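K.L.:
Input file: target_6.csv. Contents: CSV, C-alpha atoms.
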chain,number,residue,atom,x,y,z
A,1,MET,CA,-17.6,-4.5,-2.0
A,2,SER,CA,-17.1,-8.1,-3.0
A,3,ASP,CA,-17.3,-10.9,-0.4
A,4,PRO,CA,-13.9,-12.0,1.1
A,5,ALA,CA,-13.9,-15.3,-0.9
A,6,ARG,CA,-12.4,-14.8,-4.3
A,7,ILE,CA,-11.0,-17.8,-6.2
A,8,ASP,CA,-8.0,-16.6,-8.1
A,9,VAL,CA,-7.6,-18.7,-11.3
A,10,HIS,CA,-4.5,-16.8,-12.4
A,11,GLN,CA,-1.9,-16.8,-9.7
A,12,HIS,CA,1.7,-17.8,-10.1
A,13,LEU,CA,4.5,-19.2,-8.1
A,14,VAL,CA,8.3,-19.2,-8.5
A,15,PRO,CA,10.0,-22.3,-7.2
A,16,PRO,CA,13.1,-21.4,-5.2
A,17,ASP,CA,15.5,-23.0,-7.7
A,18,LEU,CA,14.0,-20.9,-10.5
A,19,GLY,CA,14.1,-17.5,-8.9
A,20,ARG,CA,17.2,-16.3,-10.6
A,21,ALA,CA,16.1,-17.6,-14.0
A,22,MET,CA,12.7,-15.9,-13.7
A,23,ALA,CA,14.4,-12.7,-12.7
A,24,GLU,CA,16.6,-12.8,-15.8
A,25,ARG,CA,13.6,-13.6,-18.0
A,26,ALA,CA,11.7,-10.7,-16.5
A,27,ALA,CA,14.6,-8.4,-17.1
A,28,ALA,CA,14.8,-9.5,-20.7
A,29,LEU,CA,11.1,-8.7,-21.2
A,30,GLY,CA,11.5,-5.3,-19.5
A,31,TRP,CA,9.4,-6.3,-16.5
A,32,PRO,CA,10.0,-6.3,-12.7
A,33,ALA,CA,11.4,-9.5,-11.3
A,34,PRO,CA,8.8,-11.4,-9.5
A,35,ALA,CA,9.3,-12.3,-5.8
A,36,TRP,CA,7.3,-15.2,-4.3
A,37,ASP,CA,7.1,-17.4,-1.3
A,38,VAL,CA,4.1,-19.1,0.4
A,39,ARG,CA,3.9,-16.7,3.3
A,40,SER,CA,3.9,-13.5,1.1
A,41,ALA,CA,1.4,-15.1,-1.3
A,42,ILE,CA,-1.1,-15.8,1.6
A,43,ALA,CA,-0.6,-12.3,3.0
A,44,MET,CA,-1.4,-10.8,-0.4
A,45,MET,CA,-4.5,-13.0,-0.7
A,46,ASP,CA,-5.7,-12.0,2.7
A,47,ARG,CA,-5.3,-8.3,1.8
A,48,ARG,CA,-7.2,-8.8,-1.5
A,49,GLN,CA,-10.0,-11.0,-0.3
A,50,ILE,CA,-8.7,-14.1,-2.1
A,51,ALA,CA,-9.7,-17.4,-0.5
A,52,THR,CA,-7.9,-19.7,-2.9
A,53,GLY,CA,-5.2,-19.2,-5.5
A,54,LEU,CA,-4.7,-21.6,-8.4
A,55,LEU,CA,-1.0,-21.7,-8.9
A,56,SER,CA,0.7,-22.0,-12.3
A,57,PHE,CA,4.2,-21.5,-13.7
A,58,PRO,CA,4.1,-18.8,-16.5
A,59,ALA,CA,7.3,-19.4,-18.4
A,60,PRO,CA,8.9,-22.0,-20.6
A,61,VAL,CA,10.3,-24.9,-18.7
A,62,GLY,CA,13.1,-25.6,-21.2
A,63,ALA,CA,15.0,-24.2,-24.1
A,64,PRO,CA,13.7,-24.9,-27.7
A,65,ASP,CA,16.6,-27.3,-28.4
A,66,ASP,CA,16.4,-29.2,-25.0
A,67,PRO,CA,13.2,-31.4,-24.9
A,68,SER,CA,14.8,-33.5,-22.1
A,69,GLY,CA,15.4,-30.4,-20.0
A,70,ALA,CA,11.8,-29.3,-20.6
A,71,ARG,CA,10.5,-32.7,-19.4
A,72,ASP,CA,12.6,-32.5,-16.3
A,73,GLY,CA,11.7,-28.9,-15.7
A,74,ALA,CA,8.0,-29.5,-15.9
A,75,ARG,CA,8.2,-32.5,-13.5
A,76,ARG,CA,10.2,-30.4,-11.0
A,77,VAL,CA,7.9,-27.5,-11.1
A,78,ASN,CA,4.8,-29.7,-10.9
A,79,GLU,CA,6.2,-31.7,-8.0
A,80,TYR,CA,7.1,-28.6,-6.1
A,81,THR,CA,3.7,-27.0,-6.7
A,82,ALA,CA,1.9,-30.1,-5.6
A,83,GLU,CA,3.8,-30.0,-2.3
A,84,VAL,CA,2.7,-26.4,-1.8
A,85,VAL,CA,-0.9,-27.4,-2.3
A,86,LYS,CA,-0.6,-30.4,-0.1
A,87,ASP,CA,0.6,-28.2,2.8
A,88,ARG,CA,-2.2,-25.7,2.3
A,89,PRO,CA,-5.1,-27.2,0.3
A,90,ASP,CA,-7.4,-24.6,1.8
A,91,ARG,CA,-5.5,-21.7,0.2
A,92,PHE,CA,-4.0,-23.1,-3.0
A,93,GLY,CA,-4.8,-25.2,-6.1
A,94,HIS,CA,-2.6,-26.3,-9.0
A,95,PHE,CA,-2.5,-25.9,-12.7
A,96,ALA,CA,0.4,-28.2,-13.8
A,97,VAL,CA,2.7,-27.0,-16.6
A,98,LEU,CA,3.2,-29.1,-19.7
A,99,PRO,CA,6.4,-29.4,-21.7
A,100,LEU,CA,5.1,-28.5,-25.2
A,101,PRO,CA,5.8,-28.8,-28.1
A,102,ASP,CA,6.8,-32.4,-27.2
A,103,VAL,CA,3.3,-33.9,-27.4
A,104,ASP,CA,4.3,-37.3,-26.0
A,105,ALA,CA,6.0,-35.7,-23.0
A,106,ALA,CA,3.0,-33.4,-22.5
A,107,LEU,CA,0.6,-36.4,-22.5
A,108,ALA,CA,2.8,-38.2,-20.0
A,109,GLU,CA,3.1,-35.1,-17.7
A,110,ALA,CA,-0.7,-34.4,-17.9
A,111,ALA,CA,-1.4,-38.0,-16.8
A,112,HIS,CA,1.1,-37.7,-13.9
A,113,ALA,CA,-0.1,-34.3,-12.8
A,114,LEU,CA,-3.8,-35.2,-12.9
A,115,ASP,CA,-3.6,-38.8,-11.7
A,116,GLU,CA,-0.7,-38.7,-9.2
A,117,LEU,CA,-0.4,-35.1,-8.1
A,118,ASN,CA,-4.1,-34.3,-8.1
A,119,ALA,CA,-3.7,-31.1,-10.1
A,120,ASP,CA,-6.8,-29.1,-10.6
A,121,GLY,CA,-6.0,-28.4,-14.3
A,122,LEU,CA,-3.1,-27.8,-16.7
A,123,THR,CA,-1.2,-24.8,-18.1
A,124,VAL,CA,0.1,-24.4,-21.6
A,125,LEU,CA,1.8,-21.3,-23.1
A,126,SER,CA,0.2,-19.4,-26.0
A,127,ASN,CA,2.9,-20.6,-28.3
A,128,ALA,CA,5.4,-23.4,-27.8
A,129,HIS,CA,8.6,-21.9,-29.1
A,130,GLY,CA,6.7,-20.4,-32.0
A,131,ARG,CA,4.2,-23.2,-32.6
A,132,TYR,CA,0.6,-22.1,-31.9
A,133,LEU,CA,-2.0,-24.2,-30.2
A,134,GLY,CA,-4.1,-25.0,-33.2
A,135,ASP,CA,-1.2,-26.8,-34.8
A,136,PRO,CA,-2.5,-30.3,-36.0
A,137,ALA,CA,0.5,-31.9,-34.2
A,138,PHE,CA,-1.2,-31.1,-30.8
A,139,GLU,CA,-4.4,-33.0,-31.7
A,140,PRO,CA,-3.5,-36.0,-29.5
A,141,LEU,CA,-3.2,-33.8,-26.5
A,142,TRP,CA,-6.5,-32.1,-27.0
A,143,ALA,CA,-8.2,-35.4,-27.5
A,144,GLU,CA,-6.8,-36.7,-24.2
A,145,LEU,CA,-7.7,-33.5,-22.3
A,146,ASP,CA,-11.2,-33.6,-23.8
A,147,ALA,CA,-11.7,-37.1,-22.6
A,148,ARG,CA,-10.7,-35.9,-19.1
A,149,ALA,CA,-12.8,-32.8,-19.3
A,150,ALA,CA,-9.7,-30.9,-18.2
A,151,VAL,CA,-9.4,-27.2,-17.3
A,152,VAL,CA,-6.6,-25.6,-19.2
A,153,LEU,CA,-5.0,-22.2,-18.5
A,154,VAL,CA,-3.6,-20.8,-21.8
A,155,HIS,CA,-0.9,-18.4,-20.4
A,156,PRO,CA,0.5,-15.9,-22.8
A,157,THR,CA,4.2,-15.7,-23.6
A,158,ALA,CA,6.3,-13.7,-26.0
A,159,PRO,CA,5.4,-14.1,-29.6
A,160,PRO,CA,8.1,-14.9,-32.1
A,161,ILE,CA,8.5,-11.3,-33.3
A,162,ALA,CA,10.8,-8.5,-32.3
A,163,PRO,CA,9.6,-6.4,-29.3
A,164,VAL,CA,8.7,-2.8,-29.7
A,165,PRO,CA,11.6,-0.8,-28.2
A,166,GLY,CA,10.7,0.6,-24.8
A,167,LEU,CA,7.5,-1.3,-24.4
A,168,PRO,CA,7.7,-4.4,-22.2
A,169,GLY,CA,6.5,-7.6,-23.8
A,170,PRO,CA,4.1,-8.6,-20.9
A,171,LEU,CA,2.4,-5.2,-21.3
A,172,VAL,CA,2.0,-5.1,-25.1
A,173,ASP,CA,2.9,-8.4,-26.7
A,174,PHE,CA,1.3,-10.9,-24.3
A,175,PRO,CA,-2.3,-9.8,-25.0
A,176,TYR,CA,-1.5,-9.9,-28.7
A,177,ASP,CA,-0.2,-13.5,-28.4
A,178,THR,CA,-3.4,-14.6,-26.5
A,179,CYS,CA,-5.4,-13.4,-29.4
A,180,ARG,CA,-3.2,-15.1,-31.9
A,181,THR,CA,-3.5,-18.5,-30.3
A,182,ALA,CA,-7.2,-18.2,-29.5
A,183,LEU,CA,-8.0,-17.4,-33.1
A,184,HIS,CA,-5.6,-20.1,-34.3
A,185,LEU,CA,-7.4,-22.7,-32.1
A,186,ALA,CA,-10.9,-21.6,-33.3
A,187,VAL,CA,-10.0,-21.3,-37.0
A,188,ASN,CA,-8.6,-24.9,-36.7
A,189,GLY,CA,-11.8,-26.1,-35.0
A,190,VAL,CA,-10.2,-27.2,-31.7
A,191,PRO,CA,-12.9,-25.8,-29.4
A,192,GLY,CA,-15.7,-27.3,-31.4
A,193,ARG,CA,-14.1,-30.7,-31.7
A,194,TYR,CA,-13.2,-30.9,-28.0
A,195,PRO,CA,-16.0,-29.1,-26.2
A,196,ARG,CA,-15.3,-30.8,-22.9
A,197,ILE,CA,-12.0,-28.9,-22.5
A,198,ARG,CA,-12.5,-25.7,-20.5
A,199,MET,CA,-9.8,-23.3,-21.7
A,200,ILE,CA,-9.2,-20.1,-19.7
A,201,LEU,CA,-7.7,-17.1,-21.6
A,202,PRO,CA,-6.0,-14.7,-19.1
A,203,HIS,CA,-6.2,-10.9,-19.2
A,204,ALA,CA,-9.8,-10.9,-20.6
A,205,GLY,CA,-8.5,-12.7,-23.6
A,206,GLY,CA,-6.2,-9.9,-24.6
A,207,PHE,CA,-8.3,-7.9,-26.9
A,208,LEU,CA,-10.3,-10.9,-28.2
A,209,PRO,CA,-13.8,-9.7,-26.9
A,210,TYR,CA,-13.3,-6.2,-28.3
A,211,ALA,CA,-12.2,-7.5,-31.7
A,212,ALA,CA,-14.1,-10.8,-31.9
A,213,HIS,CA,-16.5,-9.7,-34.7
A,214,ARG,CA,-13.5,-8.5,-36.7
A,215,PHE,CA,-11.8,-11.8,-36.2
A,216,ALA,CA,-14.9,-13.7,-37.3
A,217,VAL,CA,-14.3,-12.4,-40.8
A,218,ALA,CA,-11.5,-15.1,-40.9
A,219,ALA,CA,-14.3,-17.6,-41.5
A,220,ARG,CA,-14.9,-16.1,-44.9
A,221,LEU,CA,-11.5,-17.6,-45.9
A,222,HIS,CA,-12.7,-21.2,-45.2
A,223,ALA,CA,-15.5,-22.8,-47.2
A,224,ASP,CA,-16.6,-25.0,-44.3
A,225,SER,CA,-16.9,-22.1,-41.8
A,226,THR,CA,-19.2,-19.2,-41.1
A,227,PRO,CA,-18.6,-16.0,-39.0
A,228,GLU,CA,-21.4,-17.1,-36.7
A,229,GLY,CA,-19.8,-20.5,-36.1
A,230,LEU,CA,-16.4,-19.0,-35.5
A,231,LEU,CA,-17.9,-16.5,-33.0
A,232,SER,CA,-19.6,-19.5,-31.2
A,233,ASP,CA,-16.3,-21.2,-30.9
A,234,LEU,CA,-14.6,-18.1,-29.6
A,235,ARG,CA,-17.3,-17.8,-26.9
A,236,ARG,CA,-16.4,-21.3,-25.7
A,237,PHE,CA,-13.4,-19.8,-24.0
A,238,TYR,CA,-13.3,-18.7,-20.4
A,239,PHE,CA,-11.7,-15.4,-19.5
A,240,ASP,CA,-10.1,-14.1,-16.4
A,241,THR,CA,-10.0,-10.5,-15.2
A,242,ALA,CA,-6.3,-10.1,-14.4
A,243,ILE,CA,-5.1,-6.5,-15.4
A,244,SER,CA,-8.4,-6.1,-17.3
A,245,ALA,CA,-11.1,-4.8,-15.0
A,246,GLY,CA,-10.9,-1.3,-16.4
A,247,PRO,CA,-13.8,0.9,-17.4
A,248,ALA,CA,-13.4,0.2,-21.1
A,249,ALA,CA,-12.3,-3.5,-21.0
A,250,LEU,CA,-14.8,-4.8,-18.5
A,251,PRO,CA,-18.0,-3.9,-20.4
A,252,SER,CA,-16.5,-5.4,-23.6
A,253,LEU,CA,-15.6,-8.6,-21.8
A,254,LEU,CA,-19.0,-8.9,-20.2
A,255,ALA,CA,-20.8,-8.2,-23.5
A,256,PHE,CA,-18.9,-11.0,-25.3
A,257,ALA,CA,-18.3,-13.8,-22.8
A,258,ALA,CA,-20.8,-16.6,-22.5
A,259,PRO,CA,-22.7,-16.6,-19.2
A,260,GLY,CA,-20.5,-18.1,-16.4
A,261,HIS,CA,-17.3,-17.7,-18.4
A,262,VAL,CA,-15.7,-14.8,-16.5
A,263,LEU,CA,-13.4,-15.6,-13.6
A,264,TYR,CA,-11.3,-13.6,-11.2
A,265,GLY,CA,-7.6,-13.4,-11.7
A,266,SER,CA,-4.8,-11.5,-10.0
A,267,ASP,CA,-1.6,-12.4,-12.0
A,268,PHE,CA,0.4,-12.2,-8.8
A,269,PRO,CA,3.4,-11.9,-8.5
A,270,MET,CA,4.0,-11.3,-12.2
A,271,LEU,CA,1.9,-8.2,-11.7
A,272,PRO,CA,3.2,-6.4,-8.5
A,273,GLU,CA,0.4,-6.1,-5.9
A,274,GLN,CA,0.7,-2.4,-5.8
A,275,TRP,CA,-0.1,-2.2,-9.5
A,276,ALA,CA,-3.2,-4.3,-9.2
A,277,THR,CA,-5.4,-2.5,-6.6
A,278,GLY,CA,-7.2,-0.4,-9.3
A,279,PHE,CA,-8.3,-3.5,-11.1
A,280,ASP,CA,-9.7,-5.1,-8.0
A,281,SER,CA,-11.7,-1.9,-7.2
A,282,GLY,CA,-12.7,-1.8,-10.9
A,283,LEU,CA,-14.5,-5.0,-10.3
A,284,ASP,CA,-16.0,-4.0,-6.9
A,285,ASP,CA,-17.1,-0.6,-8.1
A,286,TYR,CA,-18.5,-1.5,-11.5
A,287,PRO,CA,-22.0,0.0,-11.5
A,288,HIS,CA,-23.8,-2.4,-13.9
A,289,TRP,CA,-23.6,-5.8,-12.2
A,290,GLU,CA,-26.7,-8.0,-12.4
A,291,PRO,CA,-27.8,-9.5,-9.1
A,292,GLY,CA,-25.3,-12.3,-8.2
A,293,GLN,CA,-23.0,-11.6,-11.1
A,294,LEU,CA,-20.1,-10.2,-9.1
A,295,HIS,CA,-20.1,-13.2,-6.8
A,296,ALA,CA,-20.1,-15.5,-9.8
A,297,VAL,CA,-17.1,-13.8,-11.2
A,298,ASN,CA,-15.3,-13.7,-7.8
A,299,ARG,CA,-15.9,-17.4,-7.1
A,300,GLY,CA,-19.1,-19.0,-8.3
A,301,ASN,CA,-18.0,-19.6,-11.9
A,302,ALA,CA,-14.7,-21.1,-10.7
A,303,GLU,CA,-16.5,-23.4,-8.3
A,304,LEU,CA,-18.3,-24.9,-11.3
A,305,LEU,CA,-15.0,-25.5,-13.1
A,306,ILE,CA,-13.3,-26.9,-10.0
A,307,PRO,CA,-16.0,-28.4,-7.7
A,308,ARG,CA,-13.6,-29.3,-4.9
A,309,LEU,CA,-13.3,-25.5,-4.2
A,310,ALA,CA,-17.0,-25.1,-3.7
A,311,ARG,CA,-18.1,-24.1,-0.2
A,312,SER,CA,-20.8,-26.2,1.4
What would the structure in this file look like if it were written as C-alpha cells?
P.N.:
Amino acid sequence: MSDPARIDVHQHLVPPDLGRAMAERAAALGWPAPAWDVRSAIAMMDRRQIATGLLSFPAPVGAPDDPSGARDGARRVNEYTAEVVKDRPDRFGHFAVLPLPDVDAALAEAAHALDELNADGLTVLSNAHGRYLGDPAFEPLWAELDARAAVVLVHPTAPPIAPVPGLPGPLVDFPYDTCRTALHLAVNGVPGRYPRIRMILPHAGGFLPYAAHRFAVAARLHADSTPEGLLSDLRRFYFDTAISAGPAALPSLLAFAAPGHVLYGSDFPMLPEQWATGFDSGLDDYPHWEPGQLHAVNRGNAELLIPRLARS
C-alpha cells in the first residue's frame, strides 16, 4: 500500500455560483454532474490517502464571443479558489485558470494569480475555443511563464469536432484532445524554447506515451526537426495518473515518461469517487515498482514541482 500522503495534482472544485452551469455542461457532454464542497473533498481525500489536493477549474470561463465575461469569470474562480486554499493551506493548493485565447487578459490574470493570490501554478485548456496551444499568438504567454518557471496544468476539453453518438466526450474525446495539443506544442517547438515551464498532461497524456514514436514521424515533415528531437520535447511533459493507472496504460506511461515526471491525480469530482478506486489500487498493487518509485509518484515528484508542499 502507498503511504497516506499523496499530493493530488489533478483535483477540481466547483464554485457555488457555477454549480448549475457545470451540471449543464456535464449533461451536454454525457457525463455525471459533479458535486463539490470543501467538506466532501476533504472526506474523499482522507479516504484515498491524499494529503493535499491542487484545485483547478476544468471548464471554459466564458463564451467564445465574450472575452470580457471570460476575464471576469477567471477572476471570480481564482479569487474563490484562493480563499479555499487560504482557509486550509494544509489540504489544498491552487492552479489558477487563465482566460485564453485572450493573451493580454491571460498575462494579466497569471500575474494576479501568482503574485497576489499565491497560486501554485496555472491551468489552461487543451484548446481555447478551437485554437491549440502551439498557436504563435500564445508565444508572449509562454515567454512570461517560462521567465517565472511556472507549473501549468493543461486540462483537456472538448475538441472542435462532433462527438461520437453514445460516447461521452470526457471518456473518448478528452484524451484525444490532450494528444492534439501536446503534439501541436512540440511540433511548434514550445517545450524546447521554454524549458523552464513545467507542463502537466492529465490522464497519462491521453494516449501520448503509447503513440509517441508514431507521432515523432511528424518531424519528417519539417526540415529543421528530427524524430529524436521531437521525442525529446514530448518527454519534457509531466503526466498525471488520473483514470490511467490500468494494467496496460501504466507500463506504457512509465516506459515513456522522463524520470520524475509522473504525478498522482484523482480527477475528483469530475470522476466520481466510486469510479476511481480501481485506479488507486492499480497504482498500489503494480508489481514492478522500483524502490522509492511509488512514493515519488504519490508525492515526491510533486514536491519538486511545488516545494512549499514538501514535508520537513
K.L.:
Counting all atoms listed in the file, which residues in stretch 149-206 of chain A sit no more than 7 Å from stretch 105-123 of chain A? For each one, give the nearest pair of atoms and the distance in Å, sorted by chain then residue number, as a Markdown table.
P.N.:
| residue | atom | partner | partner_atom | distance |
| --- | --- | --- | --- | --- |
| A:Ala150 | CA | A:Gly121 | CA | 5.9 |
| A:Val151 | CA | A:Gly121 | CA | 4.7 |
| A:Val152 | CA | A:Leu122 | CA | 4.8 |
| A:Leu153 | CA | A:Thr123 | CA | 4.6 |
| A:Val154 | CA | A:Thr123 | CA | 6.0 |
| A:His155 | CA | A:Thr123 | CA | 6.8 |
K.L.:
Smallest atom-to-atom distance to A:Arg48: which of A:Glu83, A:Glu228, A:Asp8, A:Asp240, using only C-alpha atoms?
P.N.:
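Closest candidate: A:Asp8.
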K.L.:
I'd like to know which of A:Ala96, A:Ala23, A:Leu208, A:Ala70 is closest to A:Ser56, using only C-alpha atoms.
P.N.:
A:Ala96
K.L.:
Show me the residues around (11.8, -20.7, -30.2) - criterion: an atom at most 10 Å away, only C-alpha atoms counted - as a list of chain:residue names.
P.N.:
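Nearby residues: A:Ala63, A:Pro64, A:Asp65, A:Asn127, A:Ala128, A:His129, A:Gly130, A:Arg131, A:Ala158, A:Pro159, A:Pro160.
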K.L.:
Go through A:Leu221, A:Ala204, A:Val164, A:Leu263 one by one, measure the shortest atom-to-atom distance of each to A:Pro251 using all atoms listed in the file, and give the residue with the smallest value.
P.N.:
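Looking at the shortest contact to A:Pro251, the residue is A:Ala204.
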K.L.:
Please identify all polymer residues within 8 Å of A:Val297, counting all atoms listed in the file, omitting same-chain residues fewer than 4 positions from it, and present them as a count of residues only.
P.N.:
7
K.L.:
To one decimal place, how far is atom CA of A:Phe92 from atom CA of A:Leu55 in Å?
P.N.:
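Interatomic distance, atom CA of A:Phe92 to atom CA of A:Leu55: 6.8 Å.
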K.L.:
Using only C-alpha atoms, can you tell me which of A:Asn298, A:Thr157, A:Thr277, A:Thr52 comes closest to A:Pro202?
P.N.:
A:Thr157
K.L.:
Need the shell around A:Leu250: protein/DNA/RNA residues with any atom at most 12 Å away, counting all atoms listed in the file. Skip same-chain ones fewer than 6 positions apart. Format as an MDAnalysis selection string?
P.N.:
chainID A and resid 203:207 209:210 239:244 256:257 262:264 279:280 282:289 297
K.L.:
Figure out the distance between atom CA of A:Arg25 and atom CA of A:Ala162, please, to one decimal in Å.
P.N.:
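It comes out at 15.4 Å.
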K.L.:
Which residue gives the smallest distance to A:Leu18 among A:His213, A:Gln49, A:Gly62, A:Pro32, with only C-alpha atoms counted?
P.N.:
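Of the candidates, the smallest distance to A:Leu18 is held by A:Gly62.
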